[in-house]
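Chemist: I'm passing along my_file_37.cif; it holds mmCIF, N, CA and C atoms and all ligand atoms.
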```
data_work
#
loop_
_atom_site.label_atom_id
_atom_site.label_comp_id
_atom_site.auth_asym_id
_atom_site.auth_seq_id
_atom_site.Cartn_x
_atom_site.Cartn_y
_atom_site.Cartn_z
N MET A 1 124.29 105.21 129.54
CA MET A 1 123.60 106.50 129.41
C MET A 1 124.16 107.26 128.22
N GLY A 2 123.31 107.72 127.33
CA GLY A 2 123.75 108.43 126.15
C GLY A 2 123.86 109.92 126.40
N VAL A 3 124.60 110.57 125.52
CA VAL A 3 124.70 112.02 125.56
C VAL A 3 123.98 112.54 124.31
N LEU A 4 123.10 113.48 124.50
CA LEU A 4 122.36 114.03 123.38
C LEU A 4 123.23 115.03 122.63
N VAL A 5 123.24 114.92 121.31
CA VAL A 5 123.98 115.88 120.48
C VAL A 5 122.98 116.81 119.81
N LEU A 6 123.19 118.11 120.02
CA LEU A 6 122.37 119.11 119.33
C LEU A 6 123.20 119.69 118.19
N ASN A 7 122.55 120.04 117.10
CA ASN A 7 123.32 120.75 116.10
C ASN A 7 123.42 122.23 116.49
N ALA A 8 124.08 122.99 115.68
CA ALA A 8 124.37 124.37 116.07
C ALA A 8 123.10 125.19 116.24
N SER A 9 122.02 124.78 115.59
CA SER A 9 120.76 125.50 115.73
C SER A 9 119.92 124.94 116.87
N LEU A 10 120.51 124.05 117.66
CA LEU A 10 119.92 123.49 118.88
C LEU A 10 118.85 122.45 118.62
N GLU A 11 118.77 121.94 117.38
CA GLU A 11 117.86 120.83 117.16
C GLU A 11 118.55 119.54 117.58
N PRO A 12 117.82 118.67 118.29
CA PRO A 12 118.42 117.38 118.67
C PRO A 12 118.76 116.55 117.44
N LEU A 13 119.96 115.94 117.41
CA LEU A 13 120.36 115.12 116.28
C LEU A 13 120.32 113.64 116.62
N HIS A 14 121.08 113.25 117.63
CA HIS A 14 121.16 111.84 118.01
C HIS A 14 121.89 111.76 119.34
N THR A 15 122.00 110.55 119.87
CA THR A 15 122.77 110.39 121.11
C THR A 15 124.04 109.61 120.80
N VAL A 16 125.07 109.90 121.59
CA VAL A 16 126.34 109.19 121.48
C VAL A 16 126.75 108.75 122.89
N SER A 17 127.77 107.89 122.96
CA SER A 17 128.27 107.46 124.27
C SER A 17 129.03 108.60 124.94
N VAL A 18 129.22 108.49 126.26
CA VAL A 18 129.97 109.52 126.98
C VAL A 18 131.40 109.67 126.44
N PRO A 19 132.15 108.56 126.25
CA PRO A 19 133.52 108.71 125.70
C PRO A 19 133.51 109.40 124.33
N HIS A 20 132.52 109.03 123.51
CA HIS A 20 132.41 109.66 122.18
C HIS A 20 132.18 111.16 122.35
N ALA A 21 131.28 111.54 123.26
CA ALA A 21 130.99 112.96 123.47
C ALA A 21 132.23 113.70 123.96
N VAL A 22 132.99 113.06 124.86
CA VAL A 22 134.19 113.72 125.38
C VAL A 22 135.23 113.90 124.28
N ARG A 23 135.33 112.89 123.38
CA ARG A 23 136.25 113.05 122.24
C ARG A 23 135.84 114.24 121.37
N MET A 24 134.52 114.43 121.22
CA MET A 24 134.04 115.59 120.44
C MET A 24 134.44 116.90 121.12
N LEU A 25 134.41 116.89 122.47
CA LEU A 25 134.80 118.10 123.21
C LEU A 25 136.29 118.36 123.05
N ILE A 26 137.09 117.28 123.13
CA ILE A 26 138.54 117.41 123.02
C ILE A 26 138.91 117.92 121.62
N ARG A 27 138.23 117.40 120.60
CA ARG A 27 138.49 117.82 119.21
C ARG A 27 137.87 119.18 118.91
N GLU A 28 137.13 119.69 119.89
CA GLU A 28 136.50 121.02 119.77
C GLU A 28 135.51 121.09 118.62
N VAL A 29 134.86 119.97 118.33
CA VAL A 29 133.76 120.02 117.36
C VAL A 29 132.44 120.23 118.10
N ALA A 30 132.47 120.08 119.42
CA ALA A 30 131.26 120.28 120.20
C ALA A 30 131.61 120.97 121.51
N GLU A 31 130.61 121.58 122.10
CA GLU A 31 130.76 122.21 123.41
C GLU A 31 129.71 121.64 124.35
N ILE A 32 130.00 121.73 125.63
CA ILE A 32 129.02 121.26 126.61
C ILE A 32 127.83 122.21 126.63
N HIS A 33 126.64 121.62 126.52
CA HIS A 33 125.40 122.41 126.58
C HIS A 33 124.74 122.22 127.94
N GLU A 34 124.72 120.98 128.40
CA GLU A 34 124.26 120.68 129.76
C GLU A 34 125.16 119.59 130.30
N ALA A 35 125.51 119.72 131.57
CA ALA A 35 126.40 118.73 132.16
C ALA A 35 125.95 118.40 133.57
N ASP A 36 126.39 117.25 134.02
CA ASP A 36 126.15 116.85 135.40
C ASP A 36 127.30 117.41 136.22
N ALA A 37 127.05 118.54 136.88
CA ALA A 37 128.14 119.29 137.52
C ALA A 37 128.82 118.49 138.62
N GLY A 38 128.12 117.55 139.21
CA GLY A 38 128.70 116.82 140.34
C GLY A 38 129.62 115.68 139.93
N THR A 39 129.65 115.33 138.65
CA THR A 39 130.40 114.16 138.21
C THR A 39 131.42 114.58 137.16
N LYS A 40 132.65 114.01 137.25
CA LYS A 40 133.68 114.35 136.27
C LYS A 40 133.97 113.17 135.39
N PHE A 41 134.31 113.45 134.15
CA PHE A 41 134.82 112.44 133.23
C PHE A 41 136.12 113.00 132.71
N GLY A 42 137.24 112.54 133.28
CA GLY A 42 138.52 113.18 132.97
C GLY A 42 138.50 114.60 133.50
N HIS A 43 138.85 115.55 132.63
CA HIS A 43 138.86 116.96 133.04
C HIS A 43 137.50 117.60 132.93
N TYR A 44 136.56 116.88 132.33
CA TYR A 44 135.28 117.49 131.99
C TYR A 44 134.18 117.12 132.99
N PRO A 45 133.24 118.03 133.24
CA PRO A 45 132.02 117.60 133.92
C PRO A 45 131.31 116.62 133.01
N LEU A 46 130.66 115.62 133.58
CA LEU A 46 130.00 114.60 132.79
C LEU A 46 128.96 115.22 131.87
N PRO A 47 129.18 115.16 130.53
CA PRO A 47 128.22 115.82 129.64
C PRO A 47 126.91 115.06 129.55
N ARG A 48 125.82 115.76 129.53
CA ARG A 48 124.50 115.17 129.27
C ARG A 48 124.02 115.57 127.87
N VAL A 49 124.33 116.82 127.50
CA VAL A 49 123.95 117.33 126.18
C VAL A 49 125.14 118.12 125.65
N VAL A 50 125.54 117.85 124.41
CA VAL A 50 126.59 118.64 123.78
C VAL A 50 126.03 119.29 122.52
N ARG A 51 126.70 120.33 122.11
CA ARG A 51 126.20 121.14 120.98
C ARG A 51 127.32 121.27 119.96
N LEU A 52 127.03 120.97 118.73
CA LEU A 52 128.04 121.12 117.68
C LEU A 52 128.40 122.58 117.50
N VAL A 53 129.67 122.86 117.27
CA VAL A 53 130.09 124.25 117.06
C VAL A 53 130.24 124.57 115.57
N ARG A 54 130.26 123.53 114.73
CA ARG A 54 130.38 123.76 113.30
C ARG A 54 129.31 124.72 112.80
N TYR A 55 129.70 125.57 111.91
CA TYR A 55 128.79 126.52 111.26
C TYR A 55 128.30 127.62 112.21
N VAL A 56 128.76 127.58 113.44
CA VAL A 56 128.34 128.62 114.35
C VAL A 56 129.31 129.78 114.22
N VAL A 57 128.81 130.96 113.84
CA VAL A 57 129.66 132.13 113.70
C VAL A 57 129.78 132.80 115.06
N MET A 58 128.60 133.01 115.69
CA MET A 58 128.58 133.66 116.98
C MET A 58 128.20 132.62 118.02
N LYS A 59 128.98 132.49 119.06
CA LYS A 59 128.68 131.50 120.09
C LYS A 59 127.43 131.91 120.86
N TRP A 60 126.61 130.90 121.16
CA TRP A 60 125.40 131.16 121.92
C TRP A 60 125.77 131.52 123.34
N ARG A 61 125.34 132.66 123.76
CA ARG A 61 125.65 133.09 125.11
C ARG A 61 124.60 132.49 126.07
N TYR A 62 123.40 132.52 125.65
CA TYR A 62 122.32 131.96 126.47
C TYR A 62 121.67 130.84 125.67
N SER A 63 121.51 129.71 126.29
CA SER A 63 120.91 128.60 125.56
C SER A 63 119.40 128.69 125.63
N ARG A 64 118.78 128.30 124.54
CA ARG A 64 117.33 128.34 124.50
C ARG A 64 116.75 127.07 125.12
N PRO A 65 115.66 127.19 125.84
CA PRO A 65 115.01 125.98 126.36
C PRO A 65 114.27 125.26 125.24
N PRO A 66 113.95 123.99 125.42
CA PRO A 66 113.17 123.28 124.40
C PRO A 66 111.83 123.96 124.20
N SER A 67 111.31 123.89 122.97
CA SER A 67 110.01 124.51 122.73
C SER A 67 108.89 123.57 123.16
N TRP A 68 107.76 124.15 123.46
CA TRP A 68 106.64 123.44 124.06
C TRP A 68 105.92 122.55 123.05
N THR A 69 105.68 121.31 123.42
CA THR A 69 104.74 120.47 122.67
C THR A 69 104.00 119.62 123.69
N ARG A 70 102.83 119.09 123.30
CA ARG A 70 102.08 118.21 124.21
C ARG A 70 102.90 116.99 124.56
N ARG A 71 103.56 116.42 123.55
CA ARG A 71 104.35 115.21 123.78
C ARG A 71 105.47 115.49 124.78
N ALA A 72 106.08 116.67 124.64
CA ALA A 72 107.19 117.01 125.52
C ALA A 72 106.72 117.23 126.95
N VAL A 73 105.50 117.73 127.12
CA VAL A 73 104.96 117.90 128.47
C VAL A 73 104.81 116.52 129.14
N LEU A 74 104.27 115.55 128.38
CA LEU A 74 104.12 114.20 128.91
C LEU A 74 105.48 113.60 129.27
N LYS A 75 106.46 113.85 128.42
CA LYS A 75 107.81 113.34 128.66
C LYS A 75 108.42 114.00 129.91
N ARG A 76 108.27 115.31 129.99
CA ARG A 76 108.81 116.04 131.15
C ARG A 76 108.25 115.46 132.45
N ASP A 77 106.95 115.15 132.44
CA ASP A 77 106.29 114.67 133.64
C ASP A 77 106.31 113.14 133.75
N ASN A 78 107.15 112.50 132.92
CA ASN A 78 107.30 111.04 132.95
C ASN A 78 105.97 110.31 132.77
N HIS A 79 105.06 110.91 132.00
CA HIS A 79 103.76 110.28 131.76
C HIS A 79 103.03 109.95 133.05
N ARG A 80 103.25 110.78 134.07
CA ARG A 80 102.56 110.63 135.35
C ARG A 80 101.60 111.80 135.52
N CYS A 81 100.37 111.49 135.92
CA CYS A 81 99.38 112.53 136.15
C CYS A 81 99.83 113.44 137.29
N ALA A 82 99.78 114.73 137.06
CA ALA A 82 100.26 115.70 138.06
C ALA A 82 99.29 115.80 139.25
N TYR A 83 98.10 115.20 139.13
CA TYR A 83 97.11 115.30 140.21
C TYR A 83 97.02 114.03 141.06
N CYS A 84 97.10 112.86 140.40
CA CYS A 84 96.93 111.61 141.16
C CYS A 84 98.16 110.71 141.07
N GLY A 85 99.12 111.02 140.19
CA GLY A 85 100.32 110.20 140.07
C GLY A 85 100.13 108.98 139.19
N GLY A 86 98.93 108.79 138.68
CA GLY A 86 98.67 107.63 137.81
C GLY A 86 99.18 107.86 136.40
N PRO A 87 99.04 106.86 135.54
CA PRO A 87 99.48 107.01 134.15
C PRO A 87 98.73 108.15 133.46
N ALA A 88 99.47 109.01 132.77
CA ALA A 88 98.86 110.16 132.11
C ALA A 88 98.88 109.95 130.61
N ASP A 89 97.79 110.31 129.96
CA ASP A 89 97.76 110.19 128.50
C ASP A 89 97.32 111.49 127.84
N THR A 90 97.15 112.52 128.63
CA THR A 90 96.76 113.79 128.05
C THR A 90 97.45 114.89 128.84
N ILE A 91 97.16 116.14 128.51
CA ILE A 91 97.72 117.24 129.29
C ILE A 91 96.58 118.10 129.81
N ASP A 92 96.86 118.80 130.88
CA ASP A 92 95.86 119.70 131.46
C ASP A 92 96.46 121.09 131.55
N HIS A 93 95.62 122.08 131.24
CA HIS A 93 96.02 123.46 131.46
C HIS A 93 95.63 123.83 132.89
N VAL A 94 96.62 124.13 133.73
CA VAL A 94 96.39 124.38 135.15
C VAL A 94 95.39 125.53 135.29
N VAL A 95 95.70 126.64 134.65
CA VAL A 95 94.70 127.70 134.51
C VAL A 95 94.05 127.48 133.14
N PRO A 96 92.76 127.11 133.11
CA PRO A 96 92.13 126.74 131.84
C PRO A 96 92.21 127.86 130.81
N LEU A 97 92.23 127.46 129.54
CA LEU A 97 92.28 128.44 128.46
C LEU A 97 91.09 129.39 128.57
N SER A 98 89.95 128.85 128.97
CA SER A 98 88.74 129.68 129.07
C SER A 98 88.84 130.70 130.18
N ARG A 99 89.85 130.52 131.06
CA ARG A 99 90.05 131.47 132.16
C ARG A 99 91.28 132.32 131.91
N GLY A 100 91.77 132.28 130.70
CA GLY A 100 92.91 133.13 130.35
C GLY A 100 94.26 132.47 130.51
N GLY A 101 94.29 131.17 130.77
CA GLY A 101 95.56 130.46 130.90
C GLY A 101 96.27 130.35 129.56
N ALA A 102 97.60 130.29 129.61
CA ALA A 102 98.39 130.20 128.38
C ALA A 102 98.30 128.80 127.80
N ARG A 103 98.16 128.72 126.46
CA ARG A 103 97.97 127.43 125.80
C ARG A 103 99.26 126.63 125.72
N THR A 104 100.35 127.29 125.40
CA THR A 104 101.60 126.55 125.13
C THR A 104 102.70 126.96 126.10
N SER A 105 102.35 127.12 127.36
CA SER A 105 103.35 127.49 128.36
C SER A 105 103.75 126.25 129.15
N TRP A 106 105.06 126.06 129.32
CA TRP A 106 105.55 124.97 130.17
C TRP A 106 104.99 125.09 131.58
N LEU A 107 104.78 126.31 132.01
CA LEU A 107 104.42 126.54 133.41
C LEU A 107 102.92 126.40 133.65
N ASN A 108 102.13 126.33 132.56
CA ASN A 108 100.69 126.22 132.73
C ASN A 108 100.16 124.86 132.28
N THR A 109 101.05 123.93 131.95
CA THR A 109 100.59 122.62 131.46
C THR A 109 101.25 121.51 132.25
N VAL A 110 100.47 120.47 132.51
CA VAL A 110 100.98 119.29 133.21
C VAL A 110 100.39 118.04 132.55
N ALA A 111 101.09 116.92 132.73
CA ALA A 111 100.54 115.64 132.29
C ALA A 111 99.35 115.31 133.17
N CYS A 112 98.35 114.63 132.60
CA CYS A 112 97.11 114.40 133.32
C CYS A 112 96.47 113.12 132.81
N CYS A 113 95.78 112.41 133.70
CA CYS A 113 95.06 111.24 133.23
C CYS A 113 93.72 111.68 132.65
N GLY A 114 93.30 111.00 131.61
CA GLY A 114 92.05 111.37 130.96
C GLY A 114 91.35 110.12 130.45
N GLY A 115 90.30 110.33 129.71
CA GLY A 115 89.68 109.20 129.04
C GLY A 115 88.44 108.67 129.73
N SER A 116 88.27 108.94 131.02
CA SER A 116 87.04 108.47 131.67
C SER A 116 86.47 109.59 132.52
N ALA A 117 85.23 109.42 132.94
CA ALA A 117 84.55 110.45 133.74
C ALA A 117 85.22 110.60 135.10
N ARG A 118 85.95 109.57 135.56
CA ARG A 118 86.61 109.65 136.87
C ARG A 118 88.04 110.17 136.75
N SER A 119 88.50 110.40 135.54
CA SER A 119 89.88 110.86 135.37
C SER A 119 90.04 112.27 135.92
N CYS A 120 91.27 112.63 136.24
CA CYS A 120 91.54 113.97 136.78
C CYS A 120 91.17 115.04 135.76
N ASN A 121 91.40 114.72 134.48
CA ASN A 121 91.08 115.69 133.44
C ASN A 121 89.58 116.02 133.45
N ALA A 122 88.76 114.97 133.60
CA ALA A 122 87.31 115.19 133.62
C ALA A 122 86.88 115.84 134.94
N ARG A 123 87.51 115.43 136.05
CA ARG A 123 87.14 115.99 137.36
C ARG A 123 87.41 117.48 137.41
N LYS A 124 88.55 117.87 136.83
CA LYS A 124 88.94 119.27 136.94
C LYS A 124 88.13 120.13 135.98
N GLY A 125 87.95 119.63 134.75
CA GLY A 125 87.17 120.38 133.77
C GLY A 125 87.76 121.75 133.53
N ASN A 126 86.90 122.72 133.39
CA ASN A 126 87.36 124.08 133.10
C ASN A 126 87.45 124.92 134.36
N ARG A 127 87.87 124.29 135.45
CA ARG A 127 87.92 125.01 136.72
C ARG A 127 89.35 125.27 137.16
N LEU A 128 89.48 126.23 138.05
CA LEU A 128 90.76 126.48 138.69
C LEU A 128 90.97 125.41 139.76
N LEU A 129 92.24 125.24 140.17
CA LEU A 129 92.55 124.23 141.18
C LEU A 129 91.71 124.43 142.44
N SER A 130 91.61 125.69 142.87
CA SER A 130 90.89 125.98 144.11
C SER A 130 89.41 125.62 143.97
N GLU A 131 88.85 125.87 142.80
CA GLU A 131 87.44 125.57 142.57
C GLU A 131 87.20 124.06 142.53
N ALA A 132 88.16 123.34 141.96
CA ALA A 132 88.00 121.89 141.81
C ALA A 132 88.42 121.15 143.08
N GLY A 133 89.06 121.88 144.02
CA GLY A 133 89.56 121.23 145.22
C GLY A 133 90.67 120.23 144.93
N MET A 134 91.49 120.55 143.91
CA MET A 134 92.58 119.63 143.52
C MET A 134 93.91 120.31 143.75
N ARG A 135 94.95 119.47 143.90
CA ARG A 135 96.29 119.99 144.14
C ARG A 135 97.29 119.35 143.19
N LEU A 136 98.30 120.12 142.81
CA LEU A 136 99.37 119.58 141.97
C LEU A 136 100.37 118.83 142.84
N LEU A 137 100.77 117.64 142.40
CA LEU A 137 101.82 116.89 143.10
C LEU A 137 103.19 117.41 142.71
N VAL A 138 103.27 118.04 141.54
CA VAL A 138 104.55 118.57 141.05
C VAL A 138 104.32 120.00 140.59
N THR A 139 105.38 120.79 140.61
CA THR A 139 105.29 122.16 140.11
C THR A 139 105.77 122.17 138.66
N PRO A 140 104.93 122.65 137.76
CA PRO A 140 105.37 122.68 136.35
C PRO A 140 106.64 123.53 136.19
N HIS A 141 107.55 123.06 135.35
CA HIS A 141 108.79 123.80 135.14
C HIS A 141 109.20 123.71 133.67
N VAL A 142 110.06 124.61 133.28
CA VAL A 142 110.64 124.54 131.93
C VAL A 142 111.68 123.43 131.95
N PRO A 143 111.55 122.41 131.11
CA PRO A 143 112.48 121.28 131.17
C PRO A 143 113.83 121.60 130.53
N THR A 144 114.83 120.83 130.94
CA THR A 144 116.12 120.90 130.24
C THR A 144 116.05 119.97 129.03
N TRP A 145 117.00 120.13 128.11
CA TRP A 145 117.07 119.22 126.96
C TRP A 145 117.27 117.79 127.44
N ALA A 146 118.08 117.62 128.45
CA ALA A 146 118.38 116.26 128.93
C ALA A 146 117.14 115.57 129.45
N GLU A 147 116.26 116.31 130.11
CA GLU A 147 115.04 115.72 130.63
C GLU A 147 114.19 115.14 129.52
N LEU A 148 114.17 115.81 128.38
CA LEU A 148 113.29 115.39 127.30
C LEU A 148 113.90 114.28 126.46
N CYS A 149 115.19 114.08 126.57
CA CYS A 149 115.84 113.15 125.65
C CYS A 149 116.50 111.97 126.34
N SER A 150 116.40 111.89 127.65
CA SER A 150 117.05 110.78 128.35
C SER A 150 116.21 109.52 128.19
ZN ZN B 201 95.03 111.69 137.52
#
```
Would you write out, as structure tokens, the structure that this file holds?

Modeler:
Amino acid sequence: MGVLVLNASLEPLHTVSVPHAVRMLIREVAEIHEADAGTKFGHYPLPRVVRLVRYVVMKWRYSRPPSWTRRAVLKRDNHRCAYCGGPADTIDHVVPLSRGGARTSWLNTVACCGGSARSCNARKGNRLLSEAGMRLLVTPHVPTWAELCS
């Protein structure tokens, strides 16, 4: 399992091994950004994402969540349709844009199967869940960096 390294501006750079990440923490070139709180590696909680401290003048007090993209929504939902659990190749706006739903909100978008008239995307169309008689199998959430990069 790799550890994702973010640069100081929180852009993902690359992944390194856990021992490598811990050496970065010991040398104080990186700080833990997300960790597996239940697991220890030496004195440290098992890091999942570390953040470079170089060039950082002011330490980030609150970490920013990943920004929204269609690809990231599919990744967050493991390419599984939020309505039927099948393979997803598109995204659906839970509250349609035509009904005032947010276009780029993590909480209003889910992975969805599409491409045919029987797909969930086609079945739902521009309707609300209640109107379409459909239910979400998962609750949309703001993903962690680790979710998107594992
Ligand atoms: Zn589906």

Chemist: Write as a PyMOL selection string the residues around ligand ZN 201 (chain B), taking 12 Å as the cut-off and counting only C-alpha atoms and all ligand atoms.

Modeler: chain A and resi 79-92+110-124+134-137

Chemist: Between A:Asn7, A:Ser98, A:Thr69, A:Ser105, single out the one closest to A:Val29, counting only C-alpha atoms.

Modeler: A:Asn7

Chemist: Out of stretch 73-107 of chain A, which residues get strand (DSSP E or B) from DSSP, as a list in words?

Modeler: Arg80, Pro87, Thr90, Ile91, Asp92 and His93 of chain A

Chemist: Report, in Å to a single decimal, how far apart atom CA of A:Pro96 and atom CA of A:Asn126 are.

Modeler: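 These two atoms are separated by 5.6 Å.
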
Chemist: Find the residues with any atom within 7 Å of (116.9, 124.5, 123.2); use all atoms listed in the file and the coordinates as given in the file, and write the answer as a ChimeraX atom specification.

Modeler: /A:10-11,63-67,145

Chemist: Mind the document's chain letters and residue numbers, and return as a list in words the residues of stretch 22-140 of chain A that DSSP labels alpha helix (DSSP H).

Modeler: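 For stretch 22-140 of chain A, the alpha helix (DSSP H) set is Val22, Arg23, Met24, Leu25, Ile26, Arg70, Arg71, Ala72, Val73, Leu74, Lys75, Arg76, Cys120, Asn121, Ala122, Arg123, Lys124, Leu129, Ser130, Glu131 and Ala132 of chain A.
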
Chemist: Report, in Å with one decimal, the straight-line distance from atom C of A:Arg76 to atom C of A:Val50.

Modeler: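 Computed distance, atom C of A:Arg76 to atom C of A:Val50, equals 20.7 Å.
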
Chemist: Residues near A:Ser17, anyone? I mean within 8 Å using only N, CA and C atoms, not counting same-chain ones fewer than 5 positions away, as a PyMOL selection string.

Modeler: chain A and resi 1-4+22-23

Chemist: If you count only C-alpha atoms, which residues fall within 12 Å of A:Leu97, apart from same-chain ones fewer than 5 positions away, as JSON, numbers by chain?

Modeler: {"A": [92, 102, 103, 104, 105, 108, 109, 125, 126, 127, 128]}

Chemist: Which residue out of A:Leu148, A:Thr139, A:Trp68, A:Arg48 has the minimum interatomic distance to A:Ile32 when only N, CA and C atoms are used?

Modeler: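 Ranked by minimum distance to A:Ile32, first place goes to A:Arg48.
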
Chemist: Interatomic distance between atom CA of A:Pro140 and atom CA of A:Arg99?

Modeler: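 Value for the atom CA of A:Pro140-atom CA of A:Arg99 distance: 18.2 Å.
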
Chemist: Of the candidates A:Trp106, A:Ala8, A:Glu28, A:Val73, which one gets nearest to A:His141 if we count only N, CA and C atoms?

Modeler: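 Checking each of A:Trp106, A:Ala8, A:Glu28, A:Val73 against A:His141, counting only N, CA and C atoms, the winner is A:Trp106.
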
Chemist: Taking only N, CA and C atoms into account, name the residue in A:Gly101, A:Pro12, A:Leu129, A:Val49 that is nearest to A:Asp36.

Modeler: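 Going through A:Gly101, A:Pro12, A:Leu129, A:Val49 one by one, the smallest distance to A:Asp36 is for A:Val49.
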
Chemist: Which of these, A:Asn78, A:Ser130, A:Arg51, A:Leu107, has the shortest distance to A:Val142 once you count all atoms listed in the file?

Modeler: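 Between A:Asn78, A:Ser130, A:Arg51, A:Leu107, the residue approaching A:Val142 most closely is A:Leu107.
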
Chemist: Using the atoms already present, construct all heavy atoms for stretch 101-108 of chain A and hand them back as a PDB file, keeping the file's coordinate frame.

Modeler:
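Output file out.pdb follows:
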```
ATOM      1  N   GLY A 101      94.290 131.170 130.770  1.00  0.00           N
ATOM      2  CA  GLY A 101      95.560 130.460 130.900  1.00  0.00           C
ATOM      3  C   GLY A 101      96.270 130.350 129.560  1.00  0.00           C
ATOM      4  O   GLY A 101      95.631 130.312 128.513  1.00  0.00           O
ATOM      5  N   ALA A 102      97.600 130.290 129.610  1.00  0.00           N
ATOM      6  CA  ALA A 102      98.390 130.200 128.380  1.00  0.00           C
ATOM      7  C   ALA A 102      98.300 128.800 127.800  1.00  0.00           C
ATOM      8  O   ALA A 102      98.376 127.813 128.524  1.00  0.00           O
ATOM      9  CB  ALA A 102      99.834 130.579 128.663  1.00  0.00           C
ATOM     10  N   ARG A 103      98.160 128.720 126.460  1.00  0.00           N
ATOM     11  CA  ARG A 103      97.970 127.430 125.800  1.00  0.00           C
ATOM     12  C   ARG A 103      99.260 126.630 125.720  1.00  0.00           C
ATOM     13  O   ARG A 103      99.244 125.421 125.895  1.00  0.00           O
ATOM     14  CB  ARG A 103      97.434 127.673 124.378  1.00  0.00           C
ATOM     15  CG  ARG A 103      97.171 126.391 123.585  1.00  0.00           C
ATOM     16  CD  ARG A 103      96.741 126.715 122.175  1.00  0.00           C
ATOM     17  NE  ARG A 103      95.429 127.334 122.137  1.00  0.00           N
ATOM     18  CZ  ARG A 103      94.274 126.635 122.145  1.00  0.00           C
ATOM     19  NH1 ARG A 103      94.305 125.334 122.160  1.00  0.00           N
ATOM     20  NH2 ARG A 103      93.129 127.257 122.125  1.00  0.00           N
ATOM     21  N   THR A 104     100.350 127.290 125.400  1.00  0.00           N
ATOM     22  CA  THR A 104     101.600 126.550 125.130  1.00  0.00           C
ATOM     23  C   THR A 104     102.700 126.960 126.100  1.00  0.00           C
ATOM     24  O   THR A 104     103.835 127.117 125.724  1.00  0.00           O
ATOM     25  CB  THR A 104     102.069 126.768 123.688  1.00  0.00           C
ATOM     26  OG1 THR A 104     102.283 128.177 123.510  1.00  0.00           O
ATOM     27  CG2 THR A 104     101.036 126.290 122.683  1.00  0.00           C
ATOM     28  N   SER A 105     102.350 127.120 127.360  1.00  0.00           N
ATOM     29  CA  SER A 105     103.350 127.490 128.360  1.00  0.00           C
ATOM     30  C   SER A 105     103.750 126.250 129.150  1.00  0.00           C
ATOM     31  O   SER A 105     102.897 125.487 129.607  1.00  0.00           O
ATOM     32  CB  SER A 105     102.763 128.527 129.316  1.00  0.00           C
ATOM     33  OG  SER A 105     103.517 128.560 130.514  1.00  0.00           O
ATOM     34  N   TRP A 106     105.060 126.060 129.320  1.00  0.00           N
ATOM     35  CA  TRP A 106     105.550 124.970 130.170  1.00  0.00           C
ATOM     36  C   TRP A 106     104.990 125.090 131.580  1.00  0.00           C
ATOM     37  O   TRP A 106     104.798 124.093 132.268  1.00  0.00           O
ATOM     38  CB  TRP A 106     107.081 124.997 130.240  1.00  0.00           C
ATOM     39  CG  TRP A 106     107.787 124.565 129.004  1.00  0.00           C
ATOM     40  CD1 TRP A 106     108.570 125.345 128.195  1.00  0.00           C
ATOM     41  CD2 TRP A 106     107.822 123.247 128.453  1.00  0.00           C
ATOM     42  NE1 TRP A 106     109.061 124.585 127.173  1.00  0.00           N
ATOM     43  CE2 TRP A 106     108.638 123.304 127.308  1.00  0.00           C
ATOM     44  CE3 TRP A 106     107.252 122.038 128.831  1.00  0.00           C
ATOM     45  CZ2 TRP A 106     108.889 122.182 126.531  1.00  0.00           C
ATOM     46  CZ3 TRP A 106     107.503 120.925 128.056  1.00  0.00           C
ATOM     47  CH2 TRP A 106     108.310 121.007 126.918  1.00  0.00           C
ATOM     48  N   LEU A 107     104.780 126.310 132.010  1.00  0.00           N
ATOM     49  CA  LEU A 107     104.420 126.540 133.410  1.00  0.00           C
ATOM     50  C   LEU A 107     102.920 126.400 133.650  1.00  0.00           C
ATOM     51  O   LEU A 107     102.476 126.375 134.784  1.00  0.00           O
ATOM     52  CB  LEU A 107     104.908 127.917 133.866  1.00  0.00           C
ATOM     53  CG  LEU A 107     106.404 128.155 133.664  1.00  0.00           C
ATOM     54  CD1 LEU A 107     106.810 129.503 134.220  1.00  0.00           C
ATOM     55  CD2 LEU A 107     107.225 127.037 134.298  1.00  0.00           C
ATOM     56  N   ASN A 108     102.130 126.330 132.560  1.00  0.00           N
ATOM     57  CA  ASN A 108     100.690 126.220 132.730  1.00  0.00           C
ATOM     58  C   ASN A 108     100.160 124.860 132.280  1.00  0.00           C
ATOM     59  O   ASN A 108      98.956 124.666 132.211  1.00  0.00           O
ATOM     60  CB  ASN A 108      99.961 127.335 131.979  1.00  0.00           C
ATOM     61  CG  ASN A 108      98.492 127.414 132.366  1.00  0.00           C
ATOM     62  OD1 ASN A 108      98.153 127.314 133.548  1.00  0.00           O
ATOM     63  ND2 ASN A 108      97.607 127.548 131.389  1.00  0.00           N
TER      64      ASN A 108
END
```
